[in-house]
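One structure is given here, and the rest of the page talks about it.
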Amino acid sequence: MTSLRIFFIGGLTSYRALFNWLTPWILVPSFLVAPLFQILLFAYIGRTTRLESDEFYVIGNAIQYAAIPCLFAMGNTIGGERFQHTLPLVLATPAGRLPLFIGRSLPVIVNGFLVAAFALVAGGALLGVHVPLSAVAPLVLVVLITSFSCTGLGLVNAALGLRVRETAVLSNILFGILLVFCGVNVPLSSLPDWMSTISEGLPLTHGIAAARRLADGAGLGSVAGLIGAELLIGCIYAIAGYLLLRLMEVESRRRGTLEIA
Amino acid sequence: MRVARLIAITWWFHLKQSTKAGLFVFTAIIEPLIFATLAYYLFKAGQQPGTLLYAALSAGLMGIWSATLFGAGGAINFQRWQGVLEPLIAAPPPYVLVLFPQTLAASTLGVYSLTSTLLWGRVVFGIPLHFAHPLAFLVAVAVTVVALGVLGLVIGSSFILYREANALANMLEFPVWIVTGAIVPLSLLPGWVHYLSWGLAPTWGYRAIRAATFGGNPWPGIGWALLLAAVYLLIGQGFLHIFERRARERASLSLV
């Protein structure tokens, strides 16, 4: 019962604490307006280079933007606690680490999902991209799973935040890597082999590919492999992130660097 | 003479200070390299290899704007966190003489962006660097940096009153890239956007830099960028006066 409380209430409280960093009236438009401009920028670059259709850029960038809340919010669970001097208190409690850390990721997954879903709908409407009605429900599933896998990477980011002081820089770098490697704007076939090989192990790659195929009319069954791969990658990152968090916590205690990174 | 000294020292101090901050290093160097790589593959995959220098240059121009935006946005908040905003505003020199060199230092950091993306293009992707008018290129870059610094002053002035305005300003990164034609030709954008573009100094600065690189007459662009920078300076001074006054009335200068 205590673990459930830590998981749900602790996670929600931690998420609400992010609004100390930014008030909702700024945070919400940041999540809703900024992705539309990213979509527009790359759609126009796409028109300049005549590489892909608007649909390609709308889907790629809308789903990729889930990475903003997933990476930054997870990074800030450590960075924010440190800034508020509550990190040692939180880690000094006997609370189970699994509900403590995983609970903090649940609202982030929902946040990432809502951001990507809104960007997909609004970006599509702006650029006149039509998706078959039958693809809507499978797309919801894909966006949800992709948000989960991104949050898995966010957990790794949070763990590194115990060692790296500049969590915002780290989140930005990870965001940039996802933007370049995951076939968001450049088809994987146009990237060098080593880049497309790396992309196979990153969140987003399979989710975006599945979403594009669904939007083109493919059935859920035909993209089950891609969705499964995205889910598996998300699980691997989540487990790795949790283990890394435990390791970094022990290391930070040993070195006395919880508050200074 | 005192004014020039104040501007020069503040500019140099802020430049050195900014290079120590990880976020500024990211926005000035790492982020432009990410966009340069993206732009390179986008243009290459689009079967337009002749425009690869255009892609590298565009990524650098995008970086100049990012550096200005985050630097100008962060300048006042940084002073607020350090507890020096009130003493600086209470000091005898007008605050505009303190803030302007700081936003100028932010845009100067953008030169790192341009240099790094051009070198990245040359070293990693083998893009030949050939400038049609090298001297005009340097002048155009300098003028663009000054124009962006003054634009940063206009944007940054509102941060005196609204402590979280920098988050809203962050949203300006992509729109200004689009509207100023940093990477997308303005001819592709809807007609009404052109009017907005013409009122932005970076549009003319970028146009001048491209003309100096690929051939063409860069001087009209340089002239328009300078003219708009002078207008921005007046607007920034006016905004700063109004916002400073209101922040004093609301006693919100030091609130973080």
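Labels used: A, B, ... for chains in the order of the structure tokens, numbers from 1 for residues in each chain, and numbers from 1 for ligands as shown.
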Within 9 Å of chain B, which residues of chain A show up when using only C-alpha atoms, listed as a PyMOL selection string? chain A and resi 21-23+26-27+29-30+33-34+37-38+40-41+44-52+166+168-169+172-173+176-177+179-180+185-187+190-191
Return as a list in words the full set of residues in region 63-93 of chain B whose backbone-based DSSP assignment is alpha helix (DSSP H).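 Selecting the alpha helix (DSSP H) positions of region 63-93 of chain B gives Gly63, Ile64, Trp65, Ser66, Ala67, Thr68, Leu69, Phe70, Gly71, Ala72, Gly73, Gly74, Ala75, Ile76, Asn77, Phe78, Gln79, Arg80, Trp81, Gln82, Leu85, Glu86, Pro87, Leu88, Ile89 and Ala90 of chain B.
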Take the residues that were just selected and, keeping C-alpha atoms, output them as a JSON list (two decimals), in the first residue's frame.
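File written: selection03.json
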[["chain", "number", "residue", "atom", "x", "y", "z"],
["B", 63, "GLY", "CA", 23.07, 29.08, -34.32],
["B", 64, "ILE", "CA", 23.69, 32.84, -34.15],
["B", 65, "TRP", "CA", 20.00, 33.39, -33.44],
["B", 66, "SER", "CA", 19.87, 30.60, -30.83],
["B", 67, "ALA", "CA", 22.90, 31.98, -29.02],
["B", 68, "THR", "CA", 21.35, 35.46, -29.00],
["B", 69, "LEU", "CA", 17.97, 34.25, -27.85],
["B", 70, "PHE", "CA", 19.18, 32.13, -24.96],
["B", 71, "GLY", "CA", 21.92, 34.57, -23.99],
["B", 72, "ALA", "CA", 19.71, 37.65, -24.05],
["B", 73, "GLY", "CA", 16.94, 35.74, -22.31],
["B", 74, "GLY", "CA", 19.23, 34.48, -19.63],
["B", 75, "ALA", "CA", 21.13, 37.72, -18.97],
["B", 76, "ILE", "CA", 18.56, 39.41, -16.74],
["B", 77, "ASN", "CA", 17.46, 36.22, -15.02],
["B", 78, "PHE", "CA", 21.09, 35.37, -14.28],
["B", 79, "GLN", "CA", 21.56, 38.79, -12.68],
["B", 80, "ARG", "CA", 18.37, 38.24, -10.72],
["B", 81, "TRP", "CA", 19.53, 34.85, -9.41],
["B", 82, "GLN", "CA", 22.91, 36.31, -8.50],
["B", 85, "LEU", "CA", 19.97, 43.09, -10.75],
["B", 86, "GLU", "CA", 18.86, 45.68, -8.22],
["B", 87, "PRO", "CA", 22.36, 47.18, -7.67],
["B", 88, "LEU", "CA", 22.94, 47.32, -11.43],
["B", 89, "ILE", "CA", 19.67, 49.15, -12.02],
["B", 90, "ALA", "CA", 20.32, 51.48, -9.09]]
What lies within 12 Å of Gly228 (chain A) using only C-alpha atoms, ignoring chain neighbours under 6 positions off, as a PyMOL selection string? chain A and resi 141-142+145-146+149+203+206-207+210+220-222+234-235
Test item: residues at most 8 Å from region 213-218 of chain A, only C-alpha atoms, excluding those fewer than 3 positions along its chain, as a PyMOL selection string: chain A and resi 131-132+135+138-139+209-210+222-223
Could you give me, as a list in words, the residues within 8 Å of Gly152 (chain A), counting only C-alpha atoms and dropping anything in the same chain fewer than 3 positions from it?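 The neighbour list is Phe148, Ser149, Leu155, Val156, Gly234, Cys235, Ile236, Tyr237, Ala238, Ile239 and Gly241 of chain A.
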For CA of Val129 (chain A) and CA of Tyr57 (chain A), the interatomic separation in Å (one decimal):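 So the two atoms, CA of Val129 (chain A) and CA of Tyr57 (chain A), lie 10.2 Å apart.
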Neighbouring residues of region 105-115 of chain A were defined as those with any atom within 10 Å, considering only C-alpha atoms; residues of the same chain fewer than 3 positions away were excluded. Please report them as a PyMOL selection string. chain A and resi 7-8+11-16+28+30-33+35+62-74+77+99-102+118-120+140-152+154-155+238
Of the candidates B:Ile127, B:Ile7, B:Leu234, B:Ala132, which shows the shortest atom-to-atom distance to Phe214 (chain B), using only C-alpha atoms? B:Ala132
In Å, rounded to a single decimal, give me how far CA of Cys182 (chain A) is from CA of Ile198 (chain A). 8.7 Å
Nearest to Glu259 (chain A) among A:Trp194, A:Phe83, A:Phe56, A:Phe42, with distances taken over only C-alpha atoms: which residue is it? A:Phe83
How many Å separate CA of Thr144 (chain B) from CA of Gly205 (chain B)?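 The value is 4.7 Å.
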As a list in words, please: the residues near Tyr232 (chain B) (cut-off 7 Å, only C-alpha atoms, same-chain neighbours under 3 positions excluded).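 Listing them by chain and then by number gives Val150, Leu151, Val154, Leu228, Ala229, Ile235 and Gly236 of chain B.
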Just C-alpha atoms for this one: save the residues we selected as a compact mmCIF listing (two decimals), in the first residue's frame.
# COMPACT_ATOMS: atom_id res chain seq x y z
CA VAL B 150 20.07 44.89 -30.37
CA LEU B 151 17.14 42.61 -31.14
CA VAL B 154 14.34 44.40 -27.21
CA LEU B 228 16.80 48.27 -38.36
CA ALA B 229 19.36 47.81 -35.57
CA ILE B 235 12.59 50.58 -29.14
CA GLY B 236 14.70 48.60 -26.67
